[in-house]
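Engineer: File name coords-v4.cif; file contents mmCIF, C-alpha atoms; full text below.
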data_final
loop_
_atom_site.label_atom_id
_atom_site.label_comp_id
_atom_site.auth_asym_id
_atom_site.auth_seq_id
_atom_site.Cartn_x
_atom_site.Cartn_y
_atom_site.Cartn_z
CA MET A 1 137.56 107.31 128.04
CA ASP A 2 134.77 105.38 129.71
CA ARG A 3 131.12 105.53 128.69
CA GLU A 4 130.08 108.12 131.27
CA GLU A 5 132.93 110.44 130.30
CA ARG A 6 131.93 110.12 126.67
CA ILE A 7 128.30 110.93 127.44
CA GLN A 8 129.43 113.98 129.42
CA HIS A 9 131.63 115.18 126.57
CA ARG A 10 128.81 114.65 124.08
CA GLY A 11 126.45 116.67 126.26
CA ASP A 12 129.06 119.46 126.53
CA GLY A 13 129.45 119.44 122.75
CA LEU A 14 125.72 119.71 122.14
CA ASN A 15 125.42 122.57 124.64
CA MET A 16 128.26 124.37 122.90
CA ILE A 17 126.55 123.95 119.52
CA GLN A 18 123.30 125.25 120.99
CA SER A 19 124.98 128.37 122.30
CA LEU A 20 126.75 129.00 118.98
CA MET A 21 123.88 128.31 116.62
CA GLY A 22 120.89 129.53 118.56
CA ASP A 23 117.55 127.90 117.85
CA LEU A 24 118.50 124.26 117.43
CA ARG A 25 116.06 121.39 117.28
CA GLU A 26 117.11 117.78 117.13
CA ASP A 27 115.38 116.39 114.09
CA HIS A 28 116.52 112.82 114.17
CA ILE A 29 119.66 110.87 114.82
CA GLU A 30 121.31 108.99 112.00
CA ALA A 31 122.13 105.40 112.71
CA GLU A 32 125.86 105.92 112.57
CA GLN A 33 126.64 105.37 116.22
CA TYR A 34 128.80 102.39 116.91
CA PRO A 35 129.99 101.36 120.38
CA SER A 36 133.61 101.22 119.25
CA SER A 37 133.49 104.48 117.28
CA LYS A 38 134.37 107.87 118.64
CA ARG A 39 132.16 109.61 116.09
CA ASP A 40 128.48 110.39 116.67
CA VAL A 41 126.37 111.91 113.91
CA TYR A 42 123.33 114.05 114.59
CA ILE A 43 120.87 115.65 112.22
CA PHE A 44 119.55 118.95 113.52
CA SER A 45 117.13 121.46 112.07
CA ILE A 46 118.29 125.01 112.35
CA LYS A 47 115.96 127.92 111.69
CA SER A 48 117.46 130.13 109.10
CA GLN A 49 115.73 132.30 106.49
CA GLY A 50 112.45 131.75 108.33
CA TYR A 51 112.26 127.99 107.86
CA GLU A 52 114.11 125.01 109.15
CA THR A 53 117.20 123.83 107.36
CA PRO A 54 118.56 120.40 108.29
CA PHE A 55 122.23 120.29 109.18
CA ARG A 56 124.40 117.26 109.73
CA LEU A 57 126.61 117.61 112.81
CA THR A 58 129.39 115.15 113.46
CA LEU A 59 130.84 115.01 116.94
CA GLU A 60 134.17 113.32 117.35
CA VAL A 61 135.15 112.72 120.94
CA PRO A 62 138.79 111.69 121.12
CA LYS A 63 140.58 111.87 124.40
CA ASN A 64 140.24 115.23 126.18
CA SER A 65 138.75 117.18 123.27
CA ILE A 66 135.67 117.53 121.11
CA ASP A 67 135.84 118.10 117.37
CA ILE A 68 132.72 119.29 115.62
CA GLU A 69 132.06 119.34 111.91
CA SER A 70 128.88 120.71 110.46
CA GLU A 71 127.49 120.87 106.96
CA PRO A 72 124.09 121.66 105.48
CA LEU A 73 122.31 118.47 104.58
CA LYS A 74 121.82 118.12 100.85
CA LEU A 75 118.11 117.67 100.32
CA HIS A 76 116.13 116.75 97.28
CA PRO A 77 114.99 120.07 95.72
CA LEU A 78 111.35 119.14 96.32
CA GLU A 79 112.03 118.42 99.98
CA SER A 80 113.51 121.90 100.35
CA ALA A 81 110.32 123.27 98.79
CA PHE A 82 108.30 121.18 101.24
CA LEU A 83 110.06 122.75 104.24
CA ARG A 84 109.42 126.22 102.82
CA GLU A 85 105.71 125.59 102.13
CA GLN A 86 105.25 123.87 105.51
CA ALA A 87 106.61 126.97 107.25
CA ALA A 88 104.22 129.17 105.24
CA PHE A 89 101.28 126.89 106.13
CA GLU A 90 102.10 126.98 109.84
CA LYS A 91 102.41 130.76 109.75
CA CYS A 92 98.95 131.07 108.15
CA LEU A 93 97.34 128.35 110.26
CA PRO A 94 95.69 130.58 112.90
CA GLN A 95 93.84 132.52 110.22
CA LEU A 96 93.02 129.40 108.22
CA LEU A 97 91.51 127.78 111.32
CA GLN A 98 89.18 130.72 111.79
CA GLN A 99 87.87 130.63 108.23
CA TRP A 100 88.12 127.03 107.00
CA PRO A 101 88.70 124.56 109.87
CA GLY A 102 88.90 120.98 108.65
CA TRP A 103 89.22 121.99 104.99
CA PHE A 104 92.29 121.20 102.90
CA ALA A 105 94.68 123.97 101.81
CA ALA A 106 97.16 124.10 98.95
CA PHE A 107 100.33 126.19 99.35
CA TYR A 108 102.66 127.19 96.50
CA ASN A 109 105.43 129.81 96.60
CA GLU A 110 104.51 130.32 100.26
CA GLN A 111 100.99 131.45 99.32
CA LEU A 112 97.57 129.83 99.74
CA ILE A 113 96.51 129.11 96.16
CA ASP A 114 93.45 126.89 96.62
CA LYS A 115 91.32 125.15 99.23
CA ASP A 116 88.49 122.61 99.37
CA GLU A 117 86.49 120.53 101.82
CA ASP A 118 87.20 117.54 99.57
CA GLU A 119 90.89 116.58 99.75
CA TYR A 120 90.88 114.56 96.55
CA ALA A 121 88.99 117.17 94.50
CA LEU A 122 91.66 119.68 95.55
CA ALA A 123 94.46 117.24 94.70
CA ALA A 124 92.95 116.59 91.25
CA ARG A 125 92.79 120.35 90.50
CA ILE A 126 96.38 120.88 91.66
CA GLU A 127 97.52 117.98 89.49
CA GLN A 128 96.01 119.73 86.45
CA THR A 129 97.38 123.17 87.23
CA HIS A 130 100.73 122.41 88.90
CA ARG A 131 101.91 119.07 87.62
CA GLY A 132 105.64 118.67 88.21
CA GLU A 133 105.77 121.49 90.77
CA PHE A 134 105.68 121.04 94.50
CA VAL A 135 102.43 122.17 96.10
CA LEU A 136 101.80 121.30 99.74
CA ILE A 137 98.31 119.94 100.36
CA ARG A 138 97.42 119.69 104.02
CA ARG A 139 94.39 119.56 106.25
CA ILE A 140 93.67 122.80 108.12
CA SER A 141 94.08 121.48 111.63
CA ARG A 142 96.42 121.88 114.59
CA ALA A 143 96.86 118.11 114.79
CA SER A 144 99.91 116.87 112.88
CA PRO A 145 99.12 113.84 110.73
CA GLU A 146 100.90 110.77 112.07
CA ASP A 147 100.92 107.25 110.65
CA PHE A 148 102.09 103.99 112.21
CA PHE A 149 103.67 101.22 110.15
CA ASN A 150 105.03 97.90 111.29
CA SER A 151 107.38 97.73 108.30
CA PRO A 152 111.16 97.71 108.64
CA GLU A 153 111.78 99.47 105.32
CA LEU A 154 109.95 102.57 106.57
CA GLU A 155 112.11 102.66 109.69
CA VAL A 156 115.62 102.23 108.36
CA LEU A 157 117.46 105.31 107.13
CA PRO A 158 118.85 105.15 103.60
CA MET B 159 84.22 91.09 95.96
CA ILE B 160 87.51 89.27 95.89
CA HIS B 161 87.58 85.60 96.88
CA LYS B 162 90.93 83.86 96.57
CA ALA B 163 93.45 81.68 98.34
CA LEU B 164 95.94 83.18 100.76
CA SER B 165 99.38 83.45 99.21
CA THR B 166 102.96 82.76 100.28
CA THR B 167 104.38 85.34 97.85
CA CYS B 168 103.74 89.01 97.16
CA GLY B 169 106.02 90.67 94.64
CA GLY B 170 109.58 90.08 95.79
CA ASP B 171 108.54 88.92 99.29
CA THR B 172 107.90 85.34 100.39
CA TYR B 173 106.16 84.23 103.59
CA SER B 174 106.37 81.04 105.62
CA LYS B 175 102.64 81.30 106.39
CA PRO B 176 100.09 82.19 103.67
CA ALA B 177 99.13 85.87 103.73
CA PRO B 178 96.19 87.99 102.49
CA VAL B 179 97.42 89.27 99.11
CA VAL B 180 95.39 91.25 96.60
CA SER B 181 96.66 90.57 93.10
CA GLN B 182 96.79 92.74 89.98
CA ILE B 183 96.27 96.21 91.35
CA THR B 184 96.41 98.92 88.69
CA VAL B 185 97.88 102.18 89.96
CA THR B 186 96.98 105.40 88.16
CA ASP B 187 97.54 109.11 88.59
CA LEU B 188 94.52 111.34 89.32
CA GLY B 189 94.03 111.85 85.59
CA GLY B 190 93.59 108.13 85.02
CA ASN B 191 96.97 107.44 83.39
CA ALA B 192 97.89 103.91 84.46
CA HIS B 193 101.22 102.36 85.28
CA PRO B 194 101.90 99.70 82.60
CA THR B 195 102.39 96.95 85.20
CA THR B 196 99.87 95.63 87.71
CA TRP B 197 101.08 95.03 91.25
CA PRO B 198 100.28 92.70 94.14
CA GLY B 199 99.34 94.21 97.49
CA LEU B 200 99.75 92.78 100.99
CA LEU B 201 96.87 93.63 103.33
CA ASP B 202 98.22 94.93 106.63
CA THR B 203 95.67 95.65 109.35
CA GLY B 204 98.52 97.03 111.51
CA ALA B 205 99.39 99.84 109.12
CA ASP B 206 97.65 103.22 109.22
CA GLY B 207 98.57 104.06 105.65
CA THR B 208 99.46 102.52 102.31
CA ALA B 209 102.93 102.31 100.78
CA VAL B 210 103.75 101.76 97.11
CA PRO B 211 107.02 101.10 95.31
CA LEU B 212 108.66 104.47 94.70
CA ASN B 213 109.37 103.59 91.07
CA ILE B 214 105.60 103.51 90.37
CA CYS B 215 105.34 107.15 91.42
CA GLU B 216 108.41 108.09 89.40
CA ASP B 217 107.23 106.18 86.32
CA LEU B 218 103.85 107.98 86.47
CA GLY B 219 105.62 111.34 86.78
CA LEU B 220 103.96 112.10 90.11
CA THR B 221 105.05 114.95 92.37
CA PRO B 222 104.86 114.43 96.13
CA ARG B 223 102.32 116.59 97.92
CA GLU B 224 103.44 116.00 101.49
CA TRP B 225 106.27 114.54 103.55
CA ARG B 226 105.70 112.69 106.80
CA THR B 227 107.79 110.79 109.33
CA PRO B 228 105.79 107.63 110.13
CA ARG B 229 106.23 105.83 113.43
CA GLY B 230 107.47 102.25 113.29
CA PHE B 231 107.17 99.22 115.50
CA ASP B 232 110.34 100.10 117.41
CA PRO B 233 109.95 103.60 118.89
CA LYS B 234 113.73 103.84 119.29
CA ALA B 235 114.52 103.09 115.66
CA PRO B 236 115.80 106.05 113.63
CA THR B 237 113.07 107.39 111.37
CA ARG B 238 113.10 109.46 108.23
CA ARG B 239 110.85 111.77 106.25
CA ILE B 240 109.06 110.00 103.40
CA PRO B 241 107.27 111.59 100.42
CA LEU B 242 103.55 110.99 99.82
CA TYR B 243 101.73 110.95 96.49
CA TYR B 244 98.06 111.02 95.41
CA THR B 245 97.20 107.90 93.43
CA ARG B 246 94.19 105.79 92.46
CA PHE B 247 93.94 102.02 92.82
CA LYS B 248 91.81 99.88 90.50
CA THR B 249 91.26 96.22 91.27
CA GLU B 250 88.70 93.90 89.71
CA GLY B 251 85.98 93.13 92.24
CA LEU B 252 86.59 96.22 94.39
CA PRO B 253 85.53 99.87 94.10
CA GLU B 254 88.15 102.29 92.79
CA VAL B 255 89.86 104.21 95.60
CA THR B 256 91.94 107.42 95.76
CA LEU B 257 94.65 107.48 98.38
CA LEU B 258 97.59 109.58 99.59
CA VAL B 259 100.32 106.92 99.69
CA TYR B 260 103.93 106.69 100.86
CA GLY B 261 106.48 106.13 98.10
CA VAL B 262 109.28 103.83 99.29
CA PRO B 263 111.66 101.34 97.70
CA ARG B 264 109.82 98.01 97.79
CA THR B 265 108.58 95.31 95.40
CA ASN B 266 104.90 95.20 96.35
CA ILE B 267 102.16 97.45 97.67
CA LEU B 268 101.42 97.55 101.39
CA LEU B 269 97.65 98.02 101.76
CA GLY B 270 96.93 99.78 105.03
CA ARG B 271 93.72 100.61 106.83
CA ASP B 272 93.11 103.63 104.58
CA PHE B 273 92.69 101.18 101.66
CA GLN B 274 90.61 98.82 103.83
CA ALA B 275 88.20 101.55 104.96
CA GLY B 276 84.75 100.85 103.56
CA LEU B 277 85.58 97.19 102.97
CA THR B 278 85.02 94.04 104.96
CA LEU B 279 87.94 91.65 105.25
CA LEU B 280 87.47 87.96 105.96
CA VAL B 281 90.62 85.88 106.36
CA ASP B 282 89.73 82.22 106.77
CA GLY B 283 92.77 80.42 108.16
CA GLU B 284 91.03 77.02 108.13
CA SER B 285 90.37 77.04 104.42
CA GLY B 286 93.31 79.32 103.57
CA SER B 287 91.16 81.91 101.79
CA LEU B 288 90.63 85.64 101.61
CA ARG B 289 87.33 87.42 100.96
CA LEU B 290 87.48 91.19 100.56
CA GLY B 291 84.60 93.38 99.55
CA GLN B 292 81.88 95.72 100.60
CA LYS B 293 79.84 94.59 103.58
CA THR B 294 76.61 94.00 101.69
CA ALA B 295 78.29 91.33 99.59
CA LEU B 296 79.81 89.60 102.59
CA SER B 297 76.95 89.79 105.12
CA ARG B 298 75.58 86.40 104.10
CA LEU B 299 78.96 84.86 104.88
CA LEU B 300 79.28 86.55 108.28
CA ILE B 301 75.88 85.46 109.67
CA PRO B 302 76.68 81.68 109.80
CA CYS B 303 79.86 82.47 111.81
CA ILE B 304 77.83 84.39 114.43
CA ARG B 305 75.23 81.58 114.77
CA LEU B 306 77.91 78.97 115.49
CA GLN B 307 79.02 81.00 118.48
#
As a first step, turn the structure in this file into structure tokens.
Structural biologist:
Amino acid sequence: MDREERIQHRGDGLNMIQSLMGDLREDHIEAEQYPSSKRDVYIFSIKSQGYETPFRLTLEVPKNSIDIESEPLKLHPLESAFLREQAAFEKCLPQLLQQWPGWFAAFYNEQLIDKDEDEYALAARIEQTHRGEFVLIRRISRASPEDFFNSPELEVLP
Amino acid sequence: MIHKALSTTCGGDTYSKPAPVVSQITVTDLGGNAHPTTWPGLLDTGADGTAVPLNICEDLGLTPREWRTPRGFDPKAPTRRIPLYYTRFKTEGLPEVTLLVYGVPRTNILLGRDFQAGLTLLVDGESGSLRLGQKTALSRLLIPCIRLQ
């Protein structure tokens, strides 16, 4: 199979997954693609239970067929909590923006539990009341925080 | 103010050209509990944020408060979600600072522009020295440079 055929088959496979699994968003692609390999691995986020759950999808493209394996990605328990609290934050964001734009909000068990204009004062309180438990602390803003690093160890997947 | 020579080592990293390294940084949690070891930090004016060895956060019993996917130098490189922790940095000669830092496997601290905010950095390649401090302490040093121009 030449490269163009393989790309076509991969596109057909992704379209098929989309039609089967509904709301599918490509989260990031694992670096497991090798020119000589027939297997491509994709990490997708699929909305289920109201928040995104990452799934690992492996596409194998041997001659004239496409094999697809999927499995939920095993996350650190705190990262699962993060996805849940992030979804709760985004759901509440329109109301938060009306009342406290630019403040910092703390979300726990999908509820707003505290807020402050001072990020670090809020973080210090949360550390006293919820040490060891995941609480999302995030600025009340539509802009997603984004950082740039010129460091290889922050780029390479584990 | 910190005034020291540039360094060719920082934790487990070595550099062919001397680099601006801040030595003996004490990392604490927000309650003031300190990690038993002090750490060197590499100043990076190209980094938005600060990254610390993940084992510091684990040793202090910190819980991440956010996850982000930072952008790297190569926009095509695969990226991943990284946990962030609230910590405080104490270094002799500099004001104490509270930061939300990335926890990653590494052997030194990467000091980004969030750490550098509020400080003036003077890297003198001719003499191989670093001066880092608040602007009032460094203004006398900056004026002679402007006059020469």
Engineer: Using only C-alpha atoms, which residue out of A:Leu78, A:Leu112, A:Ala105, A:Cys92 lies closest to chain B?
Structural biologist: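 Closest to chain B, using only C-alpha atoms: A:Leu78.
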Engineer: Using CA of Gly261 (chain B) and CA of Ala209 (chain B) as the two end points, give the distance in Å to one decimal.
Structural biologist: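 Atom-to-atom, CA of Gly261 (chain B) to CA of Ala209 (chain B), that is 5.9 Å.
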Engineer: Quick check on the file I pasted: which residues fall under the PyMOL selection byres ((chain A and resi 102) around 12)? Write them as a PDB file with C-alpha atoms, in the frame of the given file.
Structural biologist:
ATOM      1  CA  LEU A  93      97.340 128.350 110.260  1.00  0.00           C
ATOM      2  CA  LEU A  96      93.020 129.400 108.220  1.00  0.00           C
ATOM      3  CA  LEU A  97      91.510 127.780 111.320  1.00  0.00           C
ATOM      4  CA  GLN A  98      89.180 130.720 111.790  1.00  0.00           C
ATOM      5  CA  GLN A  99      87.870 130.630 108.230  1.00  0.00           C
ATOM      6  CA  TRP A 100      88.120 127.030 107.000  1.00  0.00           C
ATOM      7  CA  PRO A 101      88.700 124.560 109.870  1.00  0.00           C
ATOM      8  CA  TRP A 103      89.220 121.990 104.990  1.00  0.00           C
ATOM      9  CA  PHE A 104      92.290 121.200 102.900  1.00  0.00           C
ATOM     10  CA  ALA A 105      94.680 123.970 101.810  1.00  0.00           C
ATOM     11  CA  LYS A 115      91.320 125.150  99.230  1.00  0.00           C
ATOM     12  CA  ASP A 116      88.490 122.610  99.370  1.00  0.00           C
ATOM     13  CA  GLU A 117      86.490 120.530 101.820  1.00  0.00           C
ATOM     14  CA  ASP A 118      87.200 117.540  99.570  1.00  0.00           C
ATOM     15  CA  GLU A 119      90.890 116.580  99.750  1.00  0.00           C
ATOM     16  CA  ARG A 138      97.420 119.690 104.020  1.00  0.00           C
ATOM     17  CA  ARG A 139      94.390 119.560 106.250  1.00  0.00           C
ATOM     18  CA  ILE A 140      93.670 122.800 108.120  1.00  0.00           C
ATOM     19  CA  SER A 141      94.080 121.480 111.630  1.00  0.00           C
ATOM     20  CA  ARG A 142      96.420 121.880 114.590  1.00  0.00           C
ATOM     21  CA  ALA A 143      96.860 118.110 114.790  1.00  0.00           C
TER      22      ALA A 143
END
Engineer: Can you tell me how far CA of Leu290 (chain B) sits from CA of Thr278 (chain B), in Å to one decimal?
Structural biologist: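 Atom-to-atom, CA of Leu290 (chain B) and CA of Thr278 (chain B) are spaced 5.8 Å apart.
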Engineer: What does the PyMOL selection byres ((chain B) within 8 of (chain A)) select in this file, as number ranges by chain?
Structural biologist: B: 188-189, 204-207, 219-231, 235-238, 244, 256, 262-264
Engineer: Kindly give the distance, in Å, that separates CA of Ile113 (chain A) and CA of Pro94 (chain A), rounded to a single decimal.
Structural biologist: 16.8 Å
Engineer: What residues come out when you apply the PyMOL selection byres ((chain B and resi 265) around 7) to this file, written as a list in words?
Structural biologist: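 The output of the PyMOL selection byres ((chain B and resi 265) around 7) on this file is Gly169, Gly170, Pro211, Arg264 and Asn266 of chain B.
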Engineer: Just want the 12 Å neighbourhood of Thr167 (chain B), counted on only C-alpha atoms, with same-chain residues fewer than 2 positions away dropped. Output as a list in words.
Structural biologist: Ala163, Leu164, Ser165, Gly169, Gly170, Asp171, Thr172, Tyr173, Ser174, Lys175, Pro176, Ala177, Pro178, Val179, Val180, Ser181, Pro198, Gly199, Leu200, Thr265 and Asn266 of chain B
Engineer: Using all atoms listed in the file, collect all residues at a distance of at most 9 Å from (95.4, 108.5, 99.3) as written in the file, then present them as a compact mmCIF listing (two decimals) with C-alpha atoms, in the coordinates of the input.
Structural biologist:
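Result file point04.txt:
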# COMPACT_ATOMS: atom_id res chain seq x y z
CA TYR A 120 90.88 114.56 96.55
CA GLY B 207 98.57 104.06 105.65
CA THR B 208 99.46 102.52 102.31
CA LEU B 242 103.55 110.99 99.82
CA TYR B 243 101.73 110.95 96.49
CA TYR B 244 98.06 111.02 95.41
CA THR B 245 97.20 107.90 93.43
CA ARG B 246 94.19 105.79 92.46
CA VAL B 255 89.86 104.21 95.60
CA THR B 256 91.94 107.42 95.76
CA LEU B 257 94.65 107.48 98.38
CA LEU B 258 97.59 109.58 99.59
CA VAL B 259 100.32 106.92 99.69
CA TYR B 260 103.93 106.69 100.86
CA ASP B 272 93.11 103.63 104.58
CA PHE B 273 92.69 101.18 101.66
Engineer: Using only C-alpha atoms, which residue out of B:Asp217, B:Glu284, B:Asp187, B:Glu250 lies closest to Ile160 (chain B)?
Structural biologist: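 That would be B:Glu250, the residue with the smallest distance to Ile160 (chain B).
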Engineer: Taking all atoms listed in the file into account, which of A:Glu110, A:Leu122, A:His76, A:Gln95 comes nearest Pro241 (chain B)?
Structural biologist: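 Counting all atoms listed in the file, the residue closest to Pro241 (chain B) is A:His76.
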Engineer: Give the answer as one residue: which of B:Ile183, B:Ala192, B:Leu280, B:Met159 has the shortest atom-to-atom distance to Ile267 (chain B), using only C-alpha atoms?
Structural biologist: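 Using only C-alpha atoms, the shortest distance to Ile267 (chain B) belongs to B:Ile183.
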